[in-house]
Amino acid sequence: MTQRLHLDRLKQADRILWSVIAAMAGSVLLAAMLGPFQIEWMTFSKPALVASLLVLGSWFYATVRKDAALADALTSAAQIIAFAAVAAPVSYISASAAFPLWDSELMALDRRMGFDWISWLDAMNAAPLLHRLLALAYASFAVQATAIVVVLAAAGHALRLRVFMLSFALTTLVTIGVSTVMPAQGVWGHLHLSAVNSPAIVPVTRDLPLPVFFGLRDGTFMHLVAEGAEGIISFPSLHAALGLLFLLALWRVKYVGWIATLLNVAMIAATPVDGSHYFSDVAAGLAIALVSWIAVRHALTRMTGERIEAGGEVCLPPVGAYEKADALRQAS
């Protein structure tokens, strides 16, 4: 009884995330039906197919083969893919609001904090091998998102897996919301940089998303896509935010924690140059991620009755704790 109730409460966290994904998908459909947007359905076909197969596999291992860890991994992988597929067009819809750009203010804030973006670019030009390593870390984003759900599920960190998944969603939604009212094109476009400014390196992002970003703002680009979508959010930095979430999710997991720490510190360090981000973008992204992680962890530990110890292990409450709590609630 206790174990079944415990699993039900973990599954409730899964249902919350599926509800969020469904609501975001609904908002995309409404934007296409009531607004000027056109959904490029073919870009959603592969994510939809893969997510559906993963859900089917999760059902099989939850009900037939009875492998809870594998079922959790497949469910979370499906949620990552589905969430990313709907978050991209939601960010496009948000950018079309075309609020005034904040680049000048963000650059001024960097200066007040003592950060010089051009000096950081010059440092990367002077150390191309270091930049290459940082760029590889920056590009590990998608691989890490998938690997984390597998590692946490395999290690038996059921609660930590749900904390990561819901923090991932909350961080992304808050980031999209802030970027809607405080949009920015990023350093590369704001300073009109070109290959001349990076003779020894090729930053990952540069000005590549800008045609889509400005097309959404002036109404000349109204296509909603999933696969192949451009990352158009500058402030706050979603890359930096998720880098911190990746680190928090794995840093206490045996054998892989130190690898995750090194990799994601490198990812965050790469974000200004390779993501064309202001340093204030990075700081805001880190703050959002940390608050989201703390808030979600607090909510889920209260909902499930579990606790995450300092060593990262998930501890079940004493036998009968759920029943006693339910009895007290009914008595009150």
# chains A, B, ... in the order shown; residues from 1 in each chain; ligands from 1
>>> residues_around(residues="stretch 131-142 of chain A", least_positions_apart="2", cutoff="6 Å", atoms="only C-alpha atoms", output="list in words")
Met124, Pro128, Leu129, Gln144, Ala145, Leu263, Ala266, Met267 and Ala270 of chain A
>>> residues_around(residues="A:Leu191", least_positions_apart="3", cutoff="12 Å", atoms="only C-alpha atoms", output="list in words")
Asp103, Ser104, Met107, Trp117, Ile118, Gln185, Gly186, Val187, Trp188, Ser194, Asn197, Arg206, Asp207, Ser276, His277 and Tyr278 of chain A
>>> write_last_selection(atoms="N, CA, C and O atoms", output="PDB file, in the first residue's frame")
ATOM      1  N   ASP A 103      19.013  45.493 -25.676  1.00  0.00           N
ATOM      2  CA  ASP A 103      20.449  45.254 -25.834  1.00  0.00           C
ATOM      3  C   ASP A 103      21.304  46.349 -25.207  1.00  0.00           C
ATOM      4  O   ASP A 103      22.316  46.055 -24.551  1.00  0.00           O
ATOM      5  N   SER A 104      20.933  47.588 -25.413  1.00  0.00           N
ATOM      6  CA  SER A 104      21.741  48.686 -24.870  1.00  0.00           C
ATOM      7  C   SER A 104      21.788  48.627 -23.352  1.00  0.00           C
ATOM      8  O   SER A 104      22.848  48.815 -22.738  1.00  0.00           O
ATOM      9  N   MET A 107      23.989  45.614 -22.245  1.00  0.00           N
ATOM     10  CA  MET A 107      25.409  45.913 -22.425  1.00  0.00           C
ATOM     11  C   MET A 107      25.902  46.875 -21.341  1.00  0.00           C
ATOM     12  O   MET A 107      26.997  46.700 -20.786  1.00  0.00           O
ATOM     13  N   TRP A 117      32.716  42.181 -22.804  1.00  0.00           N
ATOM     14  CA  TRP A 117      32.453  41.069 -23.710  1.00  0.00           C
ATOM     15  C   TRP A 117      33.545  40.944 -24.778  1.00  0.00           C
ATOM     16  O   TRP A 117      33.984  39.838 -25.094  1.00  0.00           O
ATOM     17  N   ILE A 118      33.987  42.067 -25.330  1.00  0.00           N
ATOM     18  CA  ILE A 118      35.003  42.037 -26.382  1.00  0.00           C
ATOM     19  C   ILE A 118      36.321  41.457 -25.850  1.00  0.00           C
ATOM     20  O   ILE A 118      37.014  40.708 -26.545  1.00  0.00           O
ATOM     21  N   GLN A 185      18.581  41.012 -29.198  1.00  0.00           N
ATOM     22  CA  GLN A 185      19.101  40.281 -30.341  1.00  0.00           C
ATOM     23  C   GLN A 185      20.416  39.576 -30.038  1.00  0.00           C
ATOM     24  O   GLN A 185      20.849  38.704 -30.788  1.00  0.00           O
ATOM     25  N   GLY A 186      21.055  39.959 -28.939  1.00  0.00           N
ATOM     26  CA  GLY A 186      22.328  39.350 -28.591  1.00  0.00           C
ATOM     27  C   GLY A 186      23.503  40.216 -28.996  1.00  0.00           C
ATOM     28  O   GLY A 186      23.378  41.161 -29.793  1.00  0.00           O
ATOM     29  N   VAL A 187      24.665  39.883 -28.469  1.00  0.00           N
ATOM     30  CA  VAL A 187      25.842  40.721 -28.642  1.00  0.00           C
ATOM     31  C   VAL A 187      26.267  40.803 -30.100  1.00  0.00           C
ATOM     32  O   VAL A 187      26.617  41.874 -30.605  1.00  0.00           O
ATOM     33  N   TRP A 188      26.250  39.675 -30.797  1.00  0.00           N
ATOM     34  CA  TRP A 188      26.769  39.637 -32.159  1.00  0.00           C
ATOM     35  C   TRP A 188      26.037  40.633 -33.061  1.00  0.00           C
ATOM     36  O   TRP A 188      26.652  41.392 -33.805  1.00  0.00           O
ATOM     37  N   SER A 194      31.415  40.461 -37.031  1.00  0.00           N
ATOM     38  CA  SER A 194      31.531  39.588 -38.196  1.00  0.00           C
ATOM     39  C   SER A 194      32.732  38.676 -38.003  1.00  0.00           C
ATOM     40  O   SER A 194      33.383  38.683 -36.944  1.00  0.00           O
ATOM     41  N   ASN A 197      36.015  39.833 -36.527  1.00  0.00           N
ATOM     42  CA  ASN A 197      36.196  39.950 -35.085  1.00  0.00           C
ATOM     43  C   ASN A 197      36.576  38.631 -34.411  1.00  0.00           C
ATOM     44  O   ASN A 197      36.942  38.619 -33.238  1.00  0.00           O
ATOM     45  N   ARG A 206      26.754  33.035 -33.248  1.00  0.00           N
ATOM     46  CA  ARG A 206      27.018  34.249 -34.027  1.00  0.00           C
ATOM     47  C   ARG A 206      25.691  34.991 -34.299  1.00  0.00           C
ATOM     48  O   ARG A 206      24.905  35.199 -33.381  1.00  0.00           O
ATOM     49  N   ASP A 207      25.430  35.325 -35.571  1.00  0.00           N
ATOM     50  CA  ASP A 207      24.189  36.024 -35.918  1.00  0.00           C
ATOM     51  C   ASP A 207      23.194  35.117 -36.639  1.00  0.00           C
ATOM     52  O   ASP A 207      22.244  35.588 -37.259  1.00  0.00           O
ATOM     53  N   SER A 276      26.374  34.101 -28.108  1.00  0.00           N
ATOM     54  CA  SER A 276      26.164  35.536 -28.352  1.00  0.00           C
ATOM     55  C   SER A 276      25.345  36.161 -27.225  1.00  0.00           C
ATOM     56  O   SER A 276      24.419  36.938 -27.453  1.00  0.00           O
ATOM     57  N   HIS A 277      25.707  35.810 -25.995  1.00  0.00           N
ATOM     58  CA  HIS A 277      24.970  36.279 -24.826  1.00  0.00           C
ATOM     59  C   HIS A 277      25.754  37.332 -24.059  1.00  0.00           C
ATOM     60  O   HIS A 277      26.980  37.262 -23.956  1.00  0.00           O
ATOM     61  N   TYR A 278      25.026  38.283 -23.494  1.00  0.00           N
ATOM     62  CA  TYR A 278      25.609  39.201 -22.524  1.00  0.00           C
ATOM     63  C   TYR A 278      25.883  38.421 -21.237  1.00  0.00           C
ATOM     64  O   TYR A 278      25.251  37.394 -20.968  1.00  0.00           O
TER      65      TYR A 278
END
>>> atom_distance(atom1="atom CA of A:Val265", atom2="atom CA of A:Leu247")
8.1 Å
>>> atom_distance(atom1="atom CA of A:Ala68", atom2="atom CA of A:Ala85")
25.7 Å
>>> closest_residue(among="A:Ile39, A:Ala77, A:Ser91, A:Arg112", to="A:Leu53", atoms="only C-alpha atoms")
A:Ala77
>>> decode(residues="stretch 243-257 of chain A", atoms="all heavy atoms", output="JSON list (two decimals), in the first residue's frame")
[["chain", "number", "residue", "atom", "x", "y", "z"],
["A", 243, "GLY", "N", 22.36, 24.50, -18.17],
["A", 243, "GLY", "CA", 23.66, 23.99, -17.75],
["A", 243, "GLY", "C", 23.72, 23.81, -16.24],
["A", 243, "GLY", "O", 24.23, 22.81, -15.73],
["A", 244, "LEU", "N", 23.17, 24.79, -15.52],
["A", 244, "LEU", "CA", 23.14, 24.67, -14.05],
["A", 244, "LEU", "C", 22.21, 23.55, -13.62],
["A", 244, "LEU", "O", 22.52, 22.79, -12.68],
["A", 244, "LEU", "CB", 22.70, 26.00, -13.43],
["A", 244, "LEU", "CG", 22.61, 26.01, -11.91],
["A", 244, "LEU", "CD1", 23.94, 25.63, -11.26],
["A", 244, "LEU", "CD2", 22.15, 27.38, -11.39],
["A", 245, "LEU", "N", 21.06, 23.39, -14.28],
["A", 245, "LEU", "CA", 20.15, 22.30, -13.94],
["A", 245, "LEU", "C", 20.80, 20.94, -14.19],
["A", 245, "LEU", "O", 20.63, 20.01, -13.39],
["A", 245, "LEU", "CB", 18.84, 22.41, -14.74],
["A", 245, "LEU", "CG", 17.90, 23.55, -14.38],
["A", 245, "LEU", "CD1", 16.62, 23.44, -15.19],
["A", 245, "LEU", "CD2", 17.58, 23.57, -12.88],
["A", 246, "PHE", "N", 21.52, 20.81, -15.29],
["A", 246, "PHE", "CA", 22.23, 19.55, -15.57],
["A", 246, "PHE", "C", 23.21, 19.25, -14.44],
["A", 246, "PHE", "O", 23.32, 18.10, -13.98],
["A", 246, "PHE", "CB", 22.98, 19.65, -16.89],
["A", 246, "PHE", "CG", 22.12, 19.79, -18.11],
["A", 246, "PHE", "CD1", 22.66, 20.26, -19.30],
["A", 246, "PHE", "CD2", 20.77, 19.47, -18.09],
["A", 246, "PHE", "CE1", 21.88, 20.40, -20.43],
["A", 246, "PHE", "CE2", 19.97, 19.61, -19.22],
["A", 246, "PHE", "CZ", 20.53, 20.08, -20.39],
["A", 247, "LEU", "N", 23.93, 20.28, -14.01],
["A", 247, "LEU", "CA", 24.91, 20.10, -12.93],
["A", 247, "LEU", "C", 24.22, 19.69, -11.63],
["A", 247, "LEU", "O", 24.65, 18.75, -10.96],
["A", 247, "LEU", "CB", 25.69, 21.39, -12.77],
["A", 247, "LEU", "CG", 26.92, 21.42, -11.85],
["A", 247, "LEU", "CD1", 27.82, 22.59, -12.25],
["A", 247, "LEU", "CD2", 26.53, 21.57, -10.39],
["A", 248, "LEU", "N", 23.14, 20.39, -11.29],
["A", 248, "LEU", "CA", 22.43, 20.09, -10.04],
["A", 248, "LEU", "C", 21.84, 18.68, -10.07],
["A", 248, "LEU", "O", 21.80, 17.99, -9.04],
["A", 248, "LEU", "CB", 21.32, 21.11, -9.82],
["A", 248, "LEU", "CG", 21.77, 22.53, -9.45],
["A", 248, "LEU", "CD1", 20.58, 23.48, -9.47],
["A", 248, "LEU", "CD2", 22.46, 22.56, -8.09],
["A", 249, "ALA", "N", 21.38, 18.25, -11.24],
["A", 249, "ALA", "CA", 20.76, 16.94, -11.34],
["A", 249, "ALA", "C", 21.76, 15.81, -11.10],
["A", 249, "ALA", "O", 21.41, 14.78, -10.52],
["A", 249, "ALA", "CB", 20.10, 16.78, -12.71],
["A", 250, "LEU", "N", 23.01, 15.99, -11.54],
["A", 250, "LEU", "CA", 23.96, 14.89, -11.54],
["A", 250, "LEU", "C", 25.11, 15.01, -10.55],
["A", 250, "LEU", "O", 25.83, 14.03, -10.34],
["A", 250, "LEU", "CB", 24.55, 14.71, -12.94],
["A", 250, "LEU", "CG", 23.61, 14.22, -14.03],
["A", 250, "LEU", "CD1", 24.34, 14.12, -15.36],
["A", 250, "LEU", "CD2", 22.99, 12.87, -13.67],
["A", 251, "TRP", "N", 25.31, 16.16, -9.93],
["A", 251, "TRP", "CA", 26.57, 16.37, -9.23],
["A", 251, "TRP", "C", 26.74, 15.47, -8.01],
["A", 251, "TRP", "O", 27.87, 15.24, -7.56],
["A", 251, "TRP", "CB", 26.74, 17.85, -8.85],
["A", 251, "TRP", "CG", 25.98, 18.31, -7.66],
["A", 251, "TRP", "CD1", 24.65, 18.20, -7.45],
["A", 251, "TRP", "CD2", 26.52, 18.98, -6.53],
["A", 251, "TRP", "NE1", 24.32, 18.77, -6.25],
["A", 251, "TRP", "CE2", 25.45, 19.26, -5.66],
["A", 251, "TRP", "CE3", 27.80, 19.38, -6.15],
["A", 251, "TRP", "CZ2", 25.62, 19.91, -4.44],
["A", 251, "TRP", "CZ3", 27.97, 20.04, -4.93],
["A", 251, "TRP", "CH2", 26.89, 20.29, -4.11],
["A", 252, "ARG", "N", 25.63, 14.92, -7.47],
["A", 252, "ARG", "CA", 25.75, 13.99, -6.35],
["A", 252, "ARG", "C", 25.63, 12.53, -6.78],
["A", 252, "ARG", "O", 25.63, 11.64, -5.94],
["A", 252, "ARG", "CB", 24.67, 14.29, -5.31],
["A", 252, "ARG", "CG", 24.86, 15.62, -4.57],
["A", 252, "ARG", "CD", 26.04, 15.57, -3.64],
["A", 252, "ARG", "NE", 26.09, 16.74, -2.77],
["A", 252, "ARG", "CZ", 27.00, 16.93, -1.83],
["A", 252, "ARG", "NH1", 27.93, 16.02, -1.63],
["A", 252, "ARG", "NH2", 27.00, 18.02, -1.09],
["A", 253, "VAL", "N", 25.48, 12.27, -8.08],
["A", 253, "VAL", "CA", 25.35, 10.90, -8.55],
["A", 253, "VAL", "C", 26.73, 10.27, -8.66],
["A", 253, "VAL", "O", 27.64, 10.84, -9.28],
["A", 253, "VAL", "CB", 24.62, 10.84, -9.91],
["A", 253, "VAL", "CG1", 24.53, 9.39, -10.41],
["A", 253, "VAL", "CG2", 23.23, 11.45, -9.78],
["A", 254, "LYS", "N", 26.88, 9.10, -8.09],
["A", 254, "LYS", "CA", 28.18, 8.44, -8.02],
["A", 254, "LYS", "C", 28.78, 8.24, -9.40],
["A", 254, "LYS", "O", 28.09, 7.86, -10.34],
["A", 254, "LYS", "CB", 28.02, 7.09, -7.31],
["A", 254, "LYS", "CG", 29.31, 6.46, -6.83],
["A", 254, "LYS", "CD", 29.02, 5.22, -6.00],
["A", 254, "LYS", "CE", 30.31, 4.62, -5.45],
["A", 254, "LYS", "NZ", 30.04, 3.41, -4.64],
["A", 255, "TYR", "N", 30.05, 8.51, -9.51],
["A", 255, "TYR", "CA", 30.89, 8.30, -10.69],
["A", 255, "TYR", "C", 30.72, 9.37, -11.79],
["A", 255, "TYR", "O", 31.66, 9.66, -12.50],
["A", 255, "TYR", "CB", 30.66, 6.92, -11.33],
["A", 255, "TYR", "CG", 30.92, 5.77, -10.39],
["A", 255, "TYR", "CD1", 29.92, 4.84, -10.12],
["A", 255, "TYR", "CD2", 32.15, 5.62, -9.75],
["A", 255, "TYR", "CE1", 30.14, 3.77, -9.25],
["A", 255, "TYR", "CE2", 32.38, 4.56, -8.87],
["A", 255, "TYR", "CZ", 31.37, 3.65, -8.62],
["A", 255, "TYR", "OH", 31.58, 2.63, -7.76],
["A", 256, "VAL", "N", 29.52, 9.90, -11.96],
["A", 256, "VAL", "CA", 29.30, 10.84, -13.07],
["A", 256, "VAL", "C", 29.18, 12.28, -12.61],
["A", 256, "VAL", "O", 29.19, 13.20, -13.44],
["A", 256, "VAL", "CB", 28.03, 10.45, -13.88],
["A", 256, "VAL", "CG1", 28.16, 9.06, -14.46],
["A", 256, "VAL", "CG2", 26.78, 10.56, -13.02],
["A", 257, "GLY", "N", 29.07, 12.50, -11.30],
["A", 257, "GLY", "CA", 28.86, 13.86, -10.80],
["A", 257, "GLY", "C", 29.96, 14.82, -11.17],
["A", 257, "GLY", "O", 29.70, 15.94, -11.63]]
